[in-house]
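Below is run.txt, holding compact mmCIF, C-alpha atoms.
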```txt
# COMPACT_ATOMS: atom_id res chain seq x y z
CA MET A 1 -7.99 7.46 -2.76
CA THR A 2 -8.61 9.46 0.35
CA LEU A 3 -5.94 11.92 -0.50
CA GLY A 4 -7.26 12.30 -3.99
CA GLY A 5 -10.63 12.97 -2.51
CA ALA A 6 -9.32 15.12 0.24
CA LEU A 7 -7.58 17.31 -2.25
CA THR A 8 -10.95 18.31 -3.50
CA LEU A 9 -11.73 19.89 -0.20
CA CYS A 10 -8.88 22.17 0.52
CA ALA A 11 -10.50 25.56 0.49
CA THR A 12 -13.81 27.27 0.31
CA ARG A 13 -13.12 30.94 0.18
CA ALA A 14 -14.08 32.66 -3.00
CA ALA A 15 -10.83 34.58 -2.87
CA ILE A 16 -9.02 31.49 -4.05
CA PRO A 17 -9.25 31.57 -7.81
CA GLN A 18 -8.24 28.01 -8.48
CA GLU A 19 -10.28 24.94 -7.77
CA THR A 20 -7.41 22.56 -8.20
CA CYS A 21 -7.32 21.33 -4.65
CA ARG A 22 -11.01 21.14 -4.15
CA ARG A 23 -12.07 19.77 -7.50
CA THR A 24 -15.74 19.97 -6.68
CA SER A 25 -18.42 22.53 -6.95
CA LEU A 26 -17.98 25.72 -5.02
CA THR A 27 -21.62 25.67 -4.08
CA HIS A 28 -21.72 22.66 -1.79
CA PRO A 29 -19.04 21.80 0.77
CA GLY A 30 -19.85 18.10 0.86
CA TRP A 31 -19.46 15.45 -1.79
CA ALA A 32 -19.73 11.72 -2.34
CA ALA A 33 -18.34 9.36 -4.93
CA PHE A 34 -17.76 5.74 -5.78
CA HIS A 35 -14.86 4.22 -7.62
CA LEU A 36 -13.85 1.13 -9.54
CA GLY A 37 -10.32 -0.01 -10.17
CA ARG A 38 -7.62 -2.59 -10.59
CA THR A 39 -4.32 -3.36 -8.91
CA SER A 40 -1.13 -4.78 -10.37
CA THR A 41 -1.73 -7.83 -8.18
CA SER A 42 -4.94 -8.70 -10.07
CA GLY A 43 -7.28 -7.29 -7.48
CA THR A 44 -10.54 -5.70 -8.55
CA ILE A 45 -11.43 -2.65 -6.51
CA VAL A 46 -14.81 -1.26 -5.55
CA GLY A 47 -15.22 1.56 -3.07
CA GLY A 48 -17.17 4.54 -1.88
CA GLN A 49 -16.14 7.79 -0.29
CA PHE A 50 -17.43 11.05 1.08
CA GLY A 51 -15.92 14.24 2.31
CA GLY A 52 -16.40 17.80 3.33
CA ARG A 53 -14.45 21.01 3.60
CA PHE A 54 -14.24 23.66 6.25
CA HIS A 55 -13.93 27.41 6.14
CA ASN A 56 -10.36 27.37 7.43
CA GLY A 57 -9.17 25.75 4.21
CA VAL A 58 -8.84 22.25 5.60
CA GLY A 59 -10.70 19.41 3.99
CA ILE A 60 -11.24 15.86 5.17
CA ALA A 61 -12.44 12.75 3.43
CA SER A 62 -13.01 9.10 4.20
CA ASP A 63 -13.48 6.04 2.09
CA VAL A 64 -14.00 2.31 2.34
CA GLU A 65 -12.75 0.01 -0.35
CA ILE A 66 -12.64 -3.69 -1.04
CA ALA A 67 -10.18 -5.42 -3.36
CA ARG A 68 -11.22 -8.88 -4.46
CA PHE A 69 -8.60 -11.25 -5.77
CA THR A 70 -9.85 -13.77 -8.29
CA GLY A 71 -6.61 -15.44 -9.33
CA ALA A 72 -6.59 -19.23 -9.53
CA GLU A 73 -4.33 -19.62 -6.51
CA ALA A 74 -6.34 -17.22 -4.42
CA ALA A 75 -9.56 -19.00 -5.27
CA GLN A 76 -8.01 -22.36 -4.57
CA PHE A 77 -6.33 -21.69 -1.27
CA ASN A 78 -7.90 -18.64 0.25
CA GLN A 79 -11.61 -19.16 0.49
CA GLY A 80 -12.97 -16.42 2.66
CA TYR A 81 -9.66 -14.60 2.93
CA SER A 82 -9.17 -13.17 -0.52
CA ASP A 83 -10.75 -9.79 0.08
CA LEU A 84 -8.57 -6.88 1.10
CA TRP A 85 -10.55 -4.30 3.05
CA THR A 86 -9.26 -0.77 3.29
CA LEU A 87 -10.38 2.17 5.40
CA ARG A 88 -8.86 5.60 4.87
CA ILE A 89 -9.30 8.93 6.59
CA GLY A 90 -7.35 11.84 5.23
CA GLY A 91 -7.03 15.55 5.02
CA ALA A 92 -5.48 18.26 2.93
CA TYR A 93 -4.54 21.88 3.32
CA PHE A 94 -4.46 24.33 0.46
CA LEU A 95 -1.41 26.61 0.45
CA ARG A 96 -2.85 29.98 -0.43
CA GLN A 97 0.58 31.56 -0.49
CA VAL A 98 1.39 29.82 -3.76
CA PRO A 99 0.07 31.89 -6.63
CA PRO A 100 -1.73 30.51 -9.69
CA PRO A 101 -1.51 28.75 -12.04
CA VAL A 102 0.02 25.99 -9.93
CA ALA A 103 -1.91 25.04 -6.83
CA VAL A 104 -0.18 23.24 -3.99
CA CYS A 105 -1.67 21.24 -1.14
CA LEU A 106 -0.19 19.47 1.84
CA THR A 107 -1.83 16.11 2.36
CA ALA A 108 -1.85 13.35 4.96
CA SER A 109 -3.98 10.37 5.83
CA ILE A 110 -4.28 7.27 7.95
CA GLU A 111 -4.93 4.05 6.07
CA TYR A 112 -5.82 0.68 7.53
CA GLU A 113 -5.89 -2.51 5.47
CA ARG A 114 -6.97 -5.99 6.45
CA LEU A 115 -6.74 -9.32 4.65
CA GLY A 116 -7.42 -12.28 6.92
CA ASP A 117 -5.01 -11.87 9.84
CA LEU A 118 -2.80 -9.46 7.92
CA ARG A 119 -3.07 -5.90 9.22
CA ILE A 120 -1.41 -2.95 7.55
CA LEU A 121 -1.32 0.55 8.96
CA SER A 122 0.17 3.27 6.83
CA ILE A 123 0.36 7.02 7.32
CA PRO A 124 1.29 8.73 4.07
CA ALA A 125 2.01 12.43 3.76
CA GLY A 126 2.78 14.37 0.65
CA VAL A 127 2.57 17.48 -1.45
CA ALA A 128 0.13 17.75 -4.34
CA PHE A 129 0.73 19.93 -7.37
CA GLY A 130 -2.06 20.71 -9.79
CA GLU A 131 -3.65 23.16 -12.11
CA GLU A 132 -7.21 23.67 -13.25
CA LEU A 133 -7.76 23.87 -16.99
CA THR A 134 -10.91 25.06 -18.70
CA LEU A 135 -11.76 22.88 -21.66
CA SER A 136 -12.86 24.32 -24.97
CA SER A 137 -16.55 23.88 -24.28
CA GLY A 138 -16.30 25.95 -21.16
CA ALA A 139 -18.67 23.71 -19.28
CA TRP A 140 -15.99 21.20 -18.39
CA HIS A 141 -12.86 21.69 -16.36
CA ALA A 142 -9.88 19.34 -16.18
CA VAL A 143 -7.72 19.17 -13.08
CA PRO A 144 -4.47 17.19 -13.47
CA LEU A 145 -2.68 16.50 -10.23
CA LEU A 146 0.67 15.01 -9.26
CA GLU A 147 1.49 14.04 -5.72
CA PRO A 148 4.71 12.48 -4.37
CA ARG A 149 4.20 10.85 -0.99
CA ILE A 150 6.17 9.18 1.75
CA ALA A 151 4.48 6.86 4.20
CA PHE A 152 5.17 5.18 7.48
CA TRP A 153 4.16 1.56 6.80
CA ARG A 154 3.60 -1.19 9.35
CA GLY A 155 2.42 -4.67 8.47
CA SER A 156 1.61 -7.36 11.03
CA VAL A 157 0.52 -10.99 11.07
CA ARG A 158 -0.18 -12.38 14.51
CA ASP A 159 2.89 -11.30 16.53
CA PHE A 160 5.13 -10.63 13.57
CA THR A 161 5.61 -7.11 12.28
CA SER A 162 7.46 -5.27 9.54
CA VAL A 163 8.01 -1.53 9.56
CA ARG A 164 9.39 0.44 6.65
CA PRO A 165 9.01 3.66 4.70
CA VAL A 166 7.13 3.53 1.42
CA PHE A 167 7.58 6.06 -1.36
CA SER A 168 4.90 6.52 -3.95
CA VAL A 169 3.55 8.95 -6.52
CA ARG A 170 -0.09 9.61 -7.24
CA GLY A 171 -1.28 11.03 -10.55
CA SER A 172 -4.85 11.94 -11.33
CA THR A 173 -7.05 14.00 -13.57
CA MET A 174 -10.52 15.11 -12.68
CA PHE A 175 -13.04 16.21 -15.26
CA ARG A 176 -15.70 18.35 -13.67
CA SER A 177 -18.89 19.85 -14.94
CA GLY A 178 -21.10 21.62 -12.49
CA ASP A 179 -21.70 19.39 -9.52
CA LEU A 180 -20.53 16.20 -11.19
CA PHE A 181 -17.02 14.90 -11.61
CA VAL A 182 -15.26 11.87 -13.05
CA GLY A 183 -11.66 10.94 -13.55
CA PRO A 184 -8.80 8.45 -13.22
CA ILE A 185 -6.45 8.17 -10.26
CA VAL A 186 -3.25 6.12 -10.51
CA ASP A 187 -0.92 5.25 -7.64
CA TRP A 188 2.57 4.00 -8.31
CA ALA A 189 4.85 2.67 -5.58
CA ALA A 190 8.57 2.52 -6.20
CA THR A 191 9.00 -0.81 -4.44
CA GLY A 192 5.82 -1.43 -2.49
CA TYR A 193 2.89 -3.67 -3.24
CA PRO A 194 0.80 -3.38 -5.20
CA ARG A 195 3.16 -1.75 -7.66
CA TRP A 196 0.34 0.25 -9.13
CA THR A 197 -3.33 0.82 -8.52
CA ALA A 198 -5.66 2.45 -11.02
CA ARG A 199 -9.11 3.74 -10.19
CA VAL A 200 -11.87 5.62 -11.95
CA ARG A 201 -13.99 7.79 -9.69
CA PHE A 202 -17.52 9.03 -10.28
CA GLY A 203 -19.08 11.53 -7.95
CA GLY A 204 -20.80 14.76 -7.24
CA THR A 205 -21.43 17.34 -4.60
CA ALA A 206 -24.09 15.85 -2.43
CA PHE A 207 -24.89 18.14 0.44
CA MET B 1 18.30 38.55 -8.17
CA THR B 2 20.26 35.61 -9.45
CA VAL B 3 19.40 34.29 -12.88
CA ASN B 4 20.04 30.66 -13.46
CA SER B 5 18.89 29.13 -16.73
CA ARG B 6 20.47 25.71 -16.75
CA THR B 7 17.12 23.97 -17.14
CA PRO B 8 13.68 24.94 -18.44
CA LEU B 9 12.44 24.87 -14.88
CA MET B 10 15.02 27.41 -13.94
CA THR B 11 13.98 29.46 -16.91
CA LEU B 12 10.54 29.67 -15.40
CA GLU B 13 12.17 30.74 -12.21
CA CYS B 14 13.70 33.67 -14.06
CA ARG B 15 10.23 34.94 -14.83
CA ALA B 16 8.94 34.69 -11.31
CA PRO B 17 11.87 33.94 -9.09
CA ARG B 18 10.10 34.29 -5.78
CA ARG B 19 7.03 32.25 -6.62
CA SER B 20 8.04 29.23 -8.66
CA LEU B 21 8.28 25.88 -7.00
CA PRO B 22 11.26 23.56 -7.16
CA VAL B 23 9.04 20.71 -8.32
CA ALA B 24 11.85 18.64 -9.78
CA GLY B 25 13.83 19.16 -6.62
CA LEU B 26 11.02 17.63 -4.63
CA PHE B 27 10.61 14.60 -6.89
CA LEU B 28 14.26 13.72 -7.27
CA PRO B 29 14.94 12.80 -3.63
CA LEU B 30 11.78 10.72 -3.55
CA LEU B 31 12.79 8.76 -6.62
CA VAL B 32 16.28 8.21 -5.26
CA LEU B 33 14.92 7.08 -1.90
CA GLY B 34 12.40 4.89 -3.68
CA ALA B 35 15.11 3.20 -5.69
CA CYS B 36 17.02 2.43 -2.49
CA ASP B 37 13.92 1.31 -0.63
CA PRO B 38 13.77 -2.41 0.18
CA LYS B 39 10.81 -4.35 -1.13
CA THR B 40 7.81 -5.14 0.98
CA PRO B 41 8.51 -8.45 2.73
CA ALA B 42 6.49 -11.18 1.01
CA PRO B 43 4.62 -12.29 4.15
CA PHE B 44 3.21 -8.78 4.53
CA GLU B 45 2.16 -8.09 0.97
CA PRO B 46 -1.50 -7.02 0.76
CA GLN B 47 -2.52 -9.84 -1.52
CA PRO B 48 -3.38 -13.51 -0.94
CA CYS B 49 -0.39 -15.46 0.31
CA LEU B 50 1.20 -18.00 -1.99
CA LEU B 51 3.68 -20.63 -0.86
CA PRO B 52 7.11 -20.17 -2.46
CA SER B 53 7.75 -22.84 -5.06
CA ALA B 54 11.20 -23.47 -3.58
CA LEU B 55 9.50 -24.39 -0.31
CA VAL B 56 6.75 -26.58 -1.74
CA GLU B 57 8.78 -28.36 -4.39
CA ALA B 58 11.53 -29.43 -2.01
CA VAL B 59 9.55 -32.55 -1.08
CA GLN B 60 6.96 -34.78 -2.69
CA PRO B 61 3.40 -34.67 -1.31
CA GLN B 62 3.19 -36.61 1.95
CA THR B 63 0.37 -37.93 4.11
CA PHE B 64 1.25 -35.79 7.12
CA THR B 65 -1.53 -33.64 8.48
CA PRO B 66 -0.73 -30.21 9.91
CA LEU B 67 -1.48 -31.53 13.40
CA ALA B 68 0.97 -34.39 12.94
CA LEU B 69 3.73 -31.93 12.14
CA ARG B 70 3.36 -29.89 15.32
CA PRO B 71 5.90 -31.92 17.36
CA ALA B 72 8.46 -31.55 14.60
CA LEU B 73 7.83 -27.81 14.40
CA LEU B 74 8.18 -27.45 18.17
CA HIS B 75 11.39 -29.46 18.09
CA ALA B 76 12.64 -27.19 15.34
CA ALA B 77 11.74 -24.14 17.43
CA GLY B 78 13.68 -25.51 20.40
CA PRO B 79 16.73 -27.78 20.16
CA MET B 80 17.30 -27.36 16.44
CA THR B 81 17.62 -23.57 16.67
CA ALA B 82 19.56 -23.52 19.93
CA ASP B 83 22.87 -22.94 18.19
CA PHE B 84 21.64 -20.18 15.90
CA GLY B 85 22.53 -17.39 18.29
CA THR B 86 20.42 -14.42 19.29
CA GLY B 87 20.16 -12.43 16.10
CA ALA B 88 16.93 -11.03 14.73
CA SER B 89 16.58 -13.73 12.07
CA ALA B 90 17.20 -16.53 14.56
CA ASP B 91 14.69 -15.04 16.98
CA THR B 92 12.08 -14.61 14.24
CA LEU B 93 12.67 -18.17 13.10
CA ARG B 94 12.17 -19.53 16.61
CA ARG B 95 9.01 -17.55 17.13
CA ALA B 96 7.53 -18.52 13.77
CA LEU B 97 8.31 -22.20 14.28
CA GLY B 98 6.93 -22.04 17.81
CA ASP B 99 3.77 -20.33 16.56
CA LEU B 100 3.21 -23.02 13.96
CA GLY B 101 4.10 -25.76 16.43
CA GLN B 102 1.33 -24.60 18.74
CA SER B 103 -1.37 -23.65 16.28
CA PHE B 104 -0.80 -25.33 12.92
CA VAL B 105 -4.15 -26.79 11.91
CA GLY B 106 -4.37 -26.15 8.17
CA ASN B 107 -7.74 -24.41 8.22
CA ASN B 108 -6.47 -20.83 7.88
CA PHE B 109 -4.38 -20.97 4.76
CA ASP B 110 -3.55 -17.32 4.34
CA THR B 111 -2.30 -16.72 7.88
CA GLU B 112 -0.44 -20.00 8.22
CA CYS B 113 1.09 -19.47 4.79
CA ARG B 114 2.37 -16.07 5.90
CA VAL B 115 3.89 -17.48 9.09
CA LEU B 116 5.51 -20.26 7.06
CA VAL B 117 7.00 -17.70 4.70
CA ILE B 118 8.20 -15.63 7.66
CA ALA B 119 10.03 -18.70 8.97
CA TRP B 120 11.36 -19.51 5.50
CA ASP B 121 12.67 -15.98 5.00
CA ALA B 122 14.28 -15.94 8.45
CA LEU B 123 15.93 -19.30 7.78
CA SER B 124 17.28 -18.00 4.49
CA GLU B 125 18.78 -14.99 6.23
CA LEU B 126 20.83 -17.02 8.68
CA PRO B 127 24.58 -17.12 8.12
CA ASN B 128 25.71 -20.11 6.09
CA THR B 129 28.02 -21.69 8.64
CA PRO B 130 29.01 -25.38 8.50
CA GLU B 131 28.19 -25.92 12.17
CA THR B 132 24.53 -25.05 11.71
CA LEU B 133 24.05 -26.65 8.31
CA PRO B 134 22.52 -29.95 9.59
CA ASP B 135 19.96 -28.10 11.70
CA ARG B 136 19.16 -25.63 8.93
CA ASP B 137 18.65 -28.47 6.47
CA GLY B 138 16.44 -30.25 8.96
CA ILE B 139 14.33 -27.15 9.53
CA ARG B 140 14.11 -26.60 5.80
CA LEU B 141 12.75 -30.12 5.41
CA ILE B 142 10.20 -29.60 8.20
CA LEU B 143 9.03 -26.34 6.65
CA SER B 144 8.68 -28.01 3.26
CA LEU B 145 6.62 -30.80 4.78
CA ALA B 146 4.50 -28.21 6.55
CA ALA B 147 3.96 -26.36 3.28
CA ARG B 148 2.87 -29.56 1.58
CA ALA B 149 0.54 -30.36 4.48
CA LEU B 150 -0.95 -26.89 4.38
CA GLU B 151 -1.43 -27.11 0.64
CA ALA B 152 -3.14 -30.48 0.95
CA ALA B 153 -5.39 -29.23 3.76
CA ALA B 154 -6.42 -26.22 1.70
CA LEU B 155 -7.22 -28.35 -1.33
CA ALA B 156 -9.26 -30.71 0.81
CA THR B 157 -11.60 -27.98 2.05
```

I'd like the structure from this file rewritten - as structure tokens, please.
Amino acid sequence: MTLGGALTLCATRAAIPQETCRRTSLTHPGWAAFHLGRTSTSGTIVGGQFGGRFHNGVGIASDVEIARFTGAEAAQFNQGYSDLWTLRIGGAYFLRQVPPPVAVCLTASIEYERLGDLRILSIPAGVAFGEELTLSSGAWHAVPLLEPRIAFWRGSVRDFTSVRPVFSVRGSTMFRSGDLFVGPIVDWAATGYPRWTARVRFGGTAF
Amino acid sequence: MTVNSRTPLMTLECRAPRRSLPVAGLFLPLLVLGACDPKTPAPFEPQPCLLPSALVEAVQPQTFTPLALRPALLHAAGPMTADFGTGASADTLRRALGDLGQSFVGNNFDTECRVLVIAWDALSELPNTPETLPDRDGIRLILSLAARALEAAALAT
């Protein structure tokens, strides 16, 4: 989610014609949003995020998210341990050298997850491809985005650890009108868990 | 300028050869690597831990408490694994059994379930040699009893 948010912050200069990698209003550099979602492992997601962009074309964003598992087994055996907390801090850089209509961003983030004594640290990096489309009404813009990523992934429980690479693809579309935006974001991991995560984000430029 | 029109993407490249992006070329290696990527080990999946049915169903429910199983787990971590060598799986198995033998109380289902699954996975990865079969079967039985005890403790809370 951080990367999706961070992609909204890539650049501020008016010379950049596309808004693909910032996906928010040009007027305000800061934004905030909340999101709801679902994972393939039956977790219900709620989260909030905020971000800002800088004049050098770099944007950063951060979000906190909780995934609650309500499956029968989880409820039966995991009282107090069924919530997966996630903290993400990420950034993106808009590649101005790439001409329109396709916009390209380099992205990276640090993500920390915790469920009971399970700790997961992952550092994904990727390239995002997108294009901003003006809808027929003119007031709304759609920004589809596709982002393949590779991540360093480290999970640990007590003194036991597992380290591996994780490959994933993120797809999203943002519908923006003025200072408000809404849209779906879907993550798909080739072999990781959860296999997929789907979120809907609602937000606006806030400051 | 070289014109290559084998694919529609390349056709686009013919229009703007210096500016188009090899998007498909970036995705293909990722998909190939993803297909070859091993799955996330079950004990580290970011979802509530569940005991493998093969582990739980190996024995009928017993009256052992987690505390009562500690000596057996410590014995499994010591003499019973002495002949397993020094490989990564054997070392992980010893450490997981030792961890449970020292701290198995049954009041932290998710963590103790994960350590049990770590031990179970490590045991399953050991070479299937006749010399170690009695010890491996014995450890398998102890882990199954521990899983039953953990399950019962979780249901009792």

| task | Give me the residues within 12 Å of Arg195 in chain A as a list in words, counting all atoms listed in the file and dropping any in the same chain fewer than 3 places off. | result | Arg38, Thr39, Ser40, Thr41, Ser42, Gly43, Val166, Phe167, Ser168, Val169, Arg170, Val186, Asp187, Trp188, Ala189, Ala190, Thr191, Gly192 and Ala198 of chain A; Lys39, Thr40, Glu45, Pro46 and Gln47 of chain B

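Closest approach to Arg53 in chain A among A:Gly37, A:Pro29, A:Pro101, A:Gly71: A:Pro29, based on only C-alpha atoms.
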
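Of note, CA of Leu106 in chain A and CA of Ala92 in chain A are spaced 5.5 Å apart.
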
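If you measure from each of B:Leu133, B:Ala88, B:Val56, B:Met80 to Ala152 in chain B using only C-alpha atoms, the closest one turns out to be B:Val56.
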
| CA of Glu131 in chain B to CA of Glu57 in chain B, distance in Å rounded to a single decimal | 25.6 Å

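Between CA of Ala206 in chain A and CA of Ala61 in chain A lies a distance of 13.4 Å.
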
| query | Got a sec: who's within 9 Å of Leu143 in chain B, counting only C-alpha atoms, leaving out chain neighbours fewer than 2 positions off, as a ChimeraX atom specification? | reply | /B:55-56,73,97,116,119-120,138-141,145-148

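Considering all atoms listed in the file, the residue among A:Leu84, A:Val143, A:Leu133, A:Ile89 positioned nearest to chain B is A:Leu84.
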
Could you work out an axis-aligned box for range 85-93 of chain A, taking every atom the file lists and adding 8 Å on each side, and report centre and edge lengths in Å to one decimal, as AutoDock Vina command-line options?
```
--center_x -7.5 --center_y 8.8 --center_z 4.8 --size_x 22.0 --size_y 42.2 --size_z 19.7
```

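Remark: for Pro61 in chain B, the closest of the candidate residues B:Glu125, B:Pro79, B:Ala149, B:Leu155 is B:Ala149 (distances computed over all atoms listed in the file).
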
| field | Spatial neighbours of Cys105 in chain A, 7 Å, all atoms listed in the file, chain gap at least 4 places, as a VMD selection string | value | chain A and resid 21 92 to 95 127 to 129

Please dump the current selection as a PDB file, in the frame of the given file; keep C-alpha atoms.
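Saved as part-v3.pdb:
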```
ATOM      1  CA  CYS A  21      -7.320  21.330  -4.650  1.00  0.00           C
ATOM      2  CA  ALA A  92      -5.480  18.260   2.930  1.00  0.00           C
ATOM      3  CA  TYR A  93      -4.540  21.880   3.320  1.00  0.00           C
ATOM      4  CA  PHE A  94      -4.460  24.330   0.460  1.00  0.00           C
ATOM      5  CA  LEU A  95      -1.410  26.610   0.450  1.00  0.00           C
ATOM      6  CA  VAL A 127       2.570  17.480  -1.450  1.00  0.00           C
ATOM      7  CA  ALA A 128       0.130  17.750  -4.340  1.00  0.00           C
ATOM      8  CA  PHE A 129       0.730  19.930  -7.370  1.00  0.00           C
TER       9      PHE A 129
END
```

Need to verify the contact set: Trp153 in chain A, 8 Å, all atoms listed in the file, exclusion of same-chain residues closer than 6 positions in sequence. Can you return it as an mmCIF file with C-alpha atoms, keeping the file's coordinate frame?
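Final output, saved to part_21.cif:
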```cif
data_model
loop_
_atom_site.group_PDB
_atom_site.id
_atom_site.type_symbol
_atom_site.label_atom_id
_atom_site.label_comp_id
_atom_site.auth_asym_id
_atom_site.auth_seq_id
_atom_site.Cartn_x
_atom_site.Cartn_y
_atom_site.Cartn_z
ATOM 1 C CA ILE A 120 -1.410 -2.950 7.550
ATOM 2 C CA LEU A 121 -1.320 0.550 8.960
ATOM 3 C CA SER A 122 0.170 3.270 6.830
ATOM 4 C CA ILE A 123 0.360 7.020 7.320
ATOM 5 C CA VAL A 163 8.010 -1.530 9.560
ATOM 6 C CA ARG A 164 9.390 0.440 6.650
ATOM 7 C CA PRO A 165 9.010 3.660 4.700
ATOM 8 C CA VAL A 166 7.130 3.530 1.420
#
```

| said: Which residue is closest to chain B? Choose from A:Ser62, A:Ser156, A:Thr134, A:Ser109 and count only C-alpha atoms. | reply: A:Ser156

| Could you name the residues that touch Gly48 in chain A at 6 Å or less, counting all atoms listed in the file, but leaving out those on the same chain fewer than 3 positions away, as number ranges by chain? | A: 33-34, 63-64

Please supply range 164-178 of chain A, rebuilt with N, CA and C atoms, as a PDB file, in the frame of the given file.
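Generated file (selection_26.pdb):
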```pdb
ATOM      1  N   ARG A 164       8.521  -0.104   7.686  1.00  0.00           N
ATOM      2  CA  ARG A 164       9.390   0.440   6.650  1.00  0.00           C
ATOM      3  C   ARG A 164       8.776   1.710   6.086  1.00  0.00           C
ATOM      4  N   PRO A 165       9.583   2.536   5.439  1.00  0.00           N
ATOM      5  CA  PRO A 165       9.010   3.660   4.700  1.00  0.00           C
ATOM      6  C   PRO A 165       8.598   3.215   3.305  1.00  0.00           C
ATOM      7  N   VAL A 166       7.583   3.821   2.781  1.00  0.00           N
ATOM      8  CA  VAL A 166       7.130   3.530   1.420  1.00  0.00           C
ATOM      9  C   VAL A 166       7.028   4.847   0.656  1.00  0.00           C
ATOM     10  N   PHE A 167       7.612   4.872  -0.508  1.00  0.00           N
ATOM     11  CA  PHE A 167       7.580   6.060  -1.360  1.00  0.00           C
ATOM     12  C   PHE A 167       6.672   5.793  -2.547  1.00  0.00           C
ATOM     13  N   SER A 168       5.830   6.732  -2.842  1.00  0.00           N
ATOM     14  CA  SER A 168       4.900   6.520  -3.950  1.00  0.00           C
ATOM     15  C   SER A 168       4.591   7.859  -4.617  1.00  0.00           C
ATOM     16  N   VAL A 169       3.995   7.765  -5.783  1.00  0.00           N
ATOM     17  CA  VAL A 169       3.550   8.950  -6.520  1.00  0.00           C
ATOM     18  C   VAL A 169       2.125   8.712  -6.989  1.00  0.00           C
ATOM     19  N   ARG A 170       1.301   9.690  -6.787  1.00  0.00           N
ATOM     20  CA  ARG A 170      -0.090   9.610  -7.240  1.00  0.00           C
ATOM     21  C   ARG A 170      -0.293  10.620  -8.374  1.00  0.00           C
ATOM     22  N   GLY A 171      -0.915  10.147  -9.448  1.00  0.00           N
ATOM     23  CA  GLY A 171      -1.280  11.030 -10.550  1.00  0.00           C
ATOM     24  C   GLY A 171      -2.770  10.904 -10.805  1.00  0.00           C
ATOM     25  N   SER A 172      -3.406  12.006 -11.078  1.00  0.00           N
ATOM     26  CA  SER A 172      -4.850  11.940 -11.330  1.00  0.00           C
ATOM     27  C   SER A 172      -5.266  13.089 -12.233  1.00  0.00           C
ATOM     28  N   THR A 173      -6.409  12.914 -12.827  1.00  0.00           N
ATOM     29  CA  THR A 173      -7.050  14.000 -13.570  1.00  0.00           C
ATOM     30  C   THR A 173      -8.538  13.935 -13.280  1.00  0.00           C
ATOM     31  N   MET A 174      -9.080  15.061 -12.926  1.00  0.00           N
ATOM     32  CA  MET A 174     -10.520  15.110 -12.680  1.00  0.00           C
ATOM     33  C   MET A 174     -11.176  15.981 -13.741  1.00  0.00           C
ATOM     34  N   PHE A 175     -12.229  15.443 -14.315  1.00  0.00           N
ATOM     35  CA  PHE A 175     -13.040  16.210 -15.260  1.00  0.00           C
ATOM     36  C   PHE A 175     -14.328  16.586 -14.542  1.00  0.00           C
ATOM     37  N   ARG A 176     -14.577  17.873 -14.457  1.00  0.00           N
ATOM     38  CA  ARG A 176     -15.700  18.350 -13.670  1.00  0.00           C
ATOM     39  C   ARG A 176     -16.617  19.221 -14.519  1.00  0.00           C
ATOM     40  N   SER A 177     -17.892  18.996 -14.309  1.00  0.00           N
ATOM     41  CA  SER A 177     -18.890  19.850 -14.940  1.00  0.00           C
ATOM     42  C   SER A 177     -19.988  20.100 -13.922  1.00  0.00           C
ATOM     43  N   GLY A 178     -20.103  21.312 -13.500  1.00  0.00           N
ATOM     44  CA  GLY A 178     -21.100  21.620 -12.490  1.00  0.00           C
ATOM     45  C   GLY A 178     -20.837  20.865 -11.206  1.00  0.00           C
TER      46      GLY A 178
END
```
